[in-house]
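Reading through the structure tokens given below for one structure.
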Amino acid sequence: MFMLVLAIIVGVMFGYIVERKLRFDNLFSLLIYILLFILGTSIKIKDLGKPLLSSLMIAILSSFISVLVAVLIEKVK
Amino acid sequence: MNSHFALLFFIIGVVSSMLFNIDLSQYLDIPLILLLFLVGYDIASNVNLKEVKIYTLRATIVVFSTVIGSMIGGLIASTLLNMSLREGVAAALGMGWYTMTAPLLLEKIGSSAAFIGFASNFLREVISLLTYPHLSKVVGATPAIAMAGATSMDTTLPVISKYGGKENTIIALIHGSLVTMLAPILVQIALNIF
């Protein structure tokens, strides 16, 4: 965890030091594609039935409950 | 970054694994750390400090809702689906950031959990893109940002900008940046606690 948080903090500091002069958009996309490819190689297709249903349920509940909490806080405020 | 390409590369990985019987999961660390470095750089590039001061409080309230709502969503989904709380809550606390959540779940739990981490957060992004235009009219443009989670600073930002206006665009940027910084920490905490 330390390395992950450190990477973000160093990135933010570097961003302010170079004052947004460098663009890394292509590298950013490339890294995401590499990560997803690596991730894909670790998945076994025969095990995907139940996880897909679970994923959909988690996505729907976490999204809509987040909005519900935000609406409640706005009303209380 | 194009979501369709992201899904395509994931599918190519799954197909490669089936055809050539390869598993590259031990090589996740370096691209993940580099990606987080670039995310930090992106945050510094996109968020203006003057605007941050004006909208921080409103954005922080939405961030709080996103975190609490995601956690409750993960707890309810885990209970309903009879799956481990560790898996469900950690996946939900990825808050839309599938490229970070899935590798962490792969390292700590396994490939099935990694798939849930990837798919649930990818679906959250898709749901946000599809429903924000309607939901923003029903509940208000600011609370509806909570649904987008970490994606409110990148992939869902154009939709938020179009239907929420300039003020909500800045709130979405700050919200996305804060959620992006919190998500890796919260996923790790969930993996250690549950």
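Identifiers in this document derive from the order of the structure tokens: chains are assigned A, B, ..., residues are numbered from 1 separately in each chain, and ligands are numbered from 1 in order of occurrence.
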
- [ ] Would you kindly report the residues of chain B within 6 Å of chain A, using only C-alpha atoms, as a VMD selection string?
- [x] chain B and resid 1 6 9 to 10 13 to 14 17 23 to 25 31 33 36 to 38 40 to 41 44 to 45 62 65 to 66 69 to 70 73 to 74 77 111 116 119 to 120 123 to 124 143 to 144 146 to 147

Write a file of the just-selected residues containing N, CA and C atoms, as a short mmCIF file (atom, residue, chain, number, x, y, z; two decimals), in the first residue's frame.
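And here is the file that came out, again_25.cif:
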data_model
loop_
_atom_site.label_atom_id
_atom_site.label_comp_id
_atom_site.auth_asym_id
_atom_site.auth_seq_id
_atom_site.Cartn_x
_atom_site.Cartn_y
_atom_site.Cartn_z
N MET B 1 -8.44 7.85 -22.75
CA MET B 1 -8.55 6.39 -22.70
C MET B 1 -9.94 5.95 -23.12
N ALA B 6 -10.28 -0.65 -23.61
CA ALA B 6 -9.93 -1.26 -22.32
C ALA B 6 -10.56 -2.65 -22.22
N PHE B 9 -8.81 -5.15 -24.62
CA PHE B 9 -7.52 -5.68 -24.15
C PHE B 9 -7.73 -6.73 -23.07
N PHE B 10 -8.74 -6.51 -22.21
CA PHE B 10 -9.06 -7.49 -21.18
C PHE B 10 -9.48 -8.80 -21.84
N GLY B 13 -6.63 -10.64 -23.33
CA GLY B 13 -5.90 -11.33 -22.25
C GLY B 13 -6.57 -12.64 -21.89
N VAL B 14 -7.91 -12.62 -21.76
CA VAL B 14 -8.65 -13.85 -21.40
C VAL B 14 -8.47 -14.90 -22.50
N SER B 17 -5.01 -16.37 -22.52
CA SER B 17 -4.87 -17.32 -21.42
C SER B 17 -5.46 -18.68 -21.81
N ASP B 23 -0.25 -17.06 -17.72
CA ASP B 23 -0.76 -16.26 -16.60
C ASP B 23 0.35 -15.26 -16.22
N LEU B 24 0.13 -13.99 -16.56
CA LEU B 24 1.17 -12.97 -16.35
C LEU B 24 0.96 -12.17 -15.06
N SER B 25 0.09 -12.67 -14.16
CA SER B 25 -0.29 -11.87 -12.99
C SER B 25 0.87 -11.46 -12.09
N PRO B 31 3.61 -1.93 -13.85
CA PRO B 31 2.64 -1.08 -14.55
C PRO B 31 1.65 -0.40 -13.61
N ILE B 33 2.19 0.65 -10.43
CA ILE B 33 2.84 1.79 -9.75
C ILE B 33 3.05 2.95 -10.73
N LEU B 36 -0.27 4.71 -11.23
CA LEU B 36 -0.63 5.57 -10.11
C LEU B 36 0.18 6.87 -10.12
N PHE B 37 1.45 6.77 -10.52
CA PHE B 37 2.28 7.97 -10.67
C PHE B 37 1.64 8.91 -11.69
N LEU B 38 1.22 8.36 -12.84
CA LEU B 38 0.61 9.19 -13.89
C LEU B 38 -0.75 9.74 -13.46
N GLY B 40 -1.46 10.63 -10.38
CA GLY B 40 -1.07 11.78 -9.54
C GLY B 40 -0.70 12.97 -10.39
N TYR B 41 0.05 12.73 -11.46
CA TYR B 41 0.46 13.80 -12.38
C TYR B 41 -0.77 14.42 -13.03
N ALA B 44 -2.58 16.75 -10.66
CA ALA B 44 -1.90 18.05 -10.57
C ALA B 44 -2.13 18.88 -11.83
N SER B 45 -2.29 18.20 -12.97
CA SER B 45 -2.48 18.93 -14.23
C SER B 45 -3.89 19.48 -14.40
N VAL B 62 -19.80 15.11 -1.25
CA VAL B 62 -20.11 14.08 -2.25
C VAL B 62 -19.13 12.90 -2.11
N SER B 65 -20.28 10.74 0.67
CA SER B 65 -21.41 9.92 0.22
C SER B 65 -20.95 8.76 -0.65
N THR B 66 -20.00 9.03 -1.53
CA THR B 66 -19.49 7.98 -2.43
C THR B 66 -18.88 6.84 -1.62
N GLY B 69 -21.69 5.17 0.69
CA GLY B 69 -22.64 4.46 -0.17
C GLY B 69 -22.02 3.22 -0.80
N SER B 70 -20.76 3.32 -1.24
CA SER B 70 -20.08 2.18 -1.86
C SER B 70 -19.90 1.07 -0.83
N GLY B 73 -23.24 -0.50 -0.13
CA GLY B 73 -23.59 -1.30 -1.32
C GLY B 73 -22.84 -2.62 -1.33
N GLY B 74 -21.54 -2.56 -1.03
CA GLY B 74 -20.71 -3.78 -0.99
C GLY B 74 -21.18 -4.74 0.09
N ALA B 77 -24.61 -6.25 -1.02
CA ALA B 77 -24.42 -7.20 -2.13
C ALA B 77 -23.77 -8.49 -1.63
N SER B 111 -8.04 -14.92 -8.74
CA SER B 111 -8.52 -14.45 -10.05
C SER B 111 -10.03 -14.23 -10.09
N ILE B 116 -14.33 -9.96 -10.29
CA ILE B 116 -15.42 -9.20 -9.66
C ILE B 116 -14.99 -7.73 -9.51
N ALA B 119 -15.06 -6.24 -13.17
CA ALA B 119 -16.38 -6.12 -13.78
C ALA B 119 -17.30 -5.18 -13.00
N SER B 120 -17.28 -5.25 -11.66
CA SER B 120 -18.19 -4.40 -10.89
C SER B 120 -17.85 -2.93 -11.09
N LEU B 123 -18.67 -1.91 -14.73
CA LEU B 123 -20.12 -1.75 -14.87
C LEU B 123 -20.59 -0.46 -14.20
N ARG B 124 -19.92 -0.09 -13.09
CA ARG B 124 -20.30 1.16 -12.41
C ARG B 124 -20.07 2.35 -13.35
N PRO B 143 -25.49 15.65 -6.29
CA PRO B 143 -25.52 14.33 -5.66
C PRO B 143 -25.29 13.19 -6.66
N ALA B 144 -25.77 13.37 -7.89
CA ALA B 144 -25.63 12.29 -8.89
C ALA B 144 -24.18 12.01 -9.26
N ALA B 146 -21.91 11.31 -7.23
CA ALA B 146 -21.45 10.23 -6.35
C ALA B 146 -21.43 8.88 -7.06
N MET B 147 -22.37 8.70 -7.98
CA MET B 147 -22.45 7.43 -8.70
C MET B 147 -21.18 7.16 -9.52
#

Task: Distance query region 95-98 of chain B at most 8 Å, only C-alpha atoms, self and fewer than 3 positions along chain excluded, as a PyMOL selection string - done: (chain A and resi 62) or (chain B and resi 66-67+70+91-92+101-102+117-122+124-125+148-151+179-180+183)

Open item on the list: To one decimal place in Å, what is the distance between CA of Leu129 (chain B) and CA of Thr156 (chain B)?
Closed with: 5.9 Å

TODO: Write out as a PyMOL selection string each polymer residue whose atoms come within 9 Å of Ile170 (chain B), counting only C-alpha atoms; drop sequence neighbours fewer than 6 positions from it.
DONE: chain B and resi 47+51-52+55+59+161

Generate the output file for the selected residues, N, CA and C atoms, as a compact mmCIF listing (two decimals), in the first residue's frame.
# COMPACT_ATOMS: atom_id res chain seq x y z
N VAL B 47 -6.45 19.97 -11.87
CA VAL B 47 -7.16 20.68 -10.81
C VAL B 47 -6.45 22.00 -10.47
N GLU B 51 -9.89 27.12 -7.81
CA GLU B 51 -11.21 26.48 -7.90
C GLU B 51 -11.40 25.46 -6.78
N VAL B 52 -10.31 24.81 -6.41
CA VAL B 52 -10.38 23.81 -5.33
C VAL B 52 -10.89 24.47 -4.06
N TYR B 55 -14.82 25.15 -4.17
CA TYR B 55 -15.77 24.03 -4.23
C TYR B 55 -15.41 22.83 -3.35
N ALA B 59 -17.61 19.30 -2.72
CA ALA B 59 -17.04 18.07 -3.29
C ALA B 59 -16.77 17.04 -2.20
N SER B 161 -20.24 17.22 -17.35
CA SER B 161 -20.07 18.58 -17.84
C SER B 161 -21.27 19.02 -18.69

Open item on the list: So that I can check the secondary structure, give me every residue of chain B assigned alpha helix (DSSP H) by backbone DSSP, as an NGL selection string.
Closed with: :B and (3-20 or 29-46 or 49-81 or 85-92 or 98-108 or 111-139 or 145-148 or 157-193)

Task: Residue with smallest distance to Thr131 (chain B) - pool B:Gly165, B:Val159, B:Phe115, B:Gly88, counting only C-alpha atoms - done: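 Once distances to Thr131 (chain B) are computed over only C-alpha atoms, the minimum belongs to B:Val159.
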
Task: For CA of Leu104 (chain B) and CA of Val39 (chain B), the interatomic separation in Å (one decimal) - done: 16.5 Å

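Residues in contact range of Ile193 (chain B), defined as at most 12 Å between only C-alpha atoms, with sequence neighbours fewer than 5 positions away removed, read Leu85, Arg86, Glu87, Val89, Ala90, Leu186, Val187 and Gln188 of chain B.
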
Just write the chosen residues, C-alpha atoms, as a tab-separated table (two decimals), in the first residue's frame.
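Contents of the output file part-v1.tsv:
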chain	number	residue	atom	x	y	z
B	85	LEU	CA	-17.52	-9.44	2.88
B	86	ARG	CA	-13.81	-8.96	2.15
B	87	GLU	CA	-14.33	-9.55	-1.56
B	89	VAL	CA	-16.64	-4.52	0.14
B	90	ALA	CA	-13.13	-4.28	-1.39
B	186	LEU	CA	-9.69	2.00	1.24
B	187	VAL	CA	-9.45	-1.17	-0.86
B	188	GLN	CA	-6.32	-2.20	1.08

- [ ] State, in Å with one decimal place, the distance from CA of Phe194 (chain B) to CA of Gly110 (chain B).
- [x] 15.6 Å
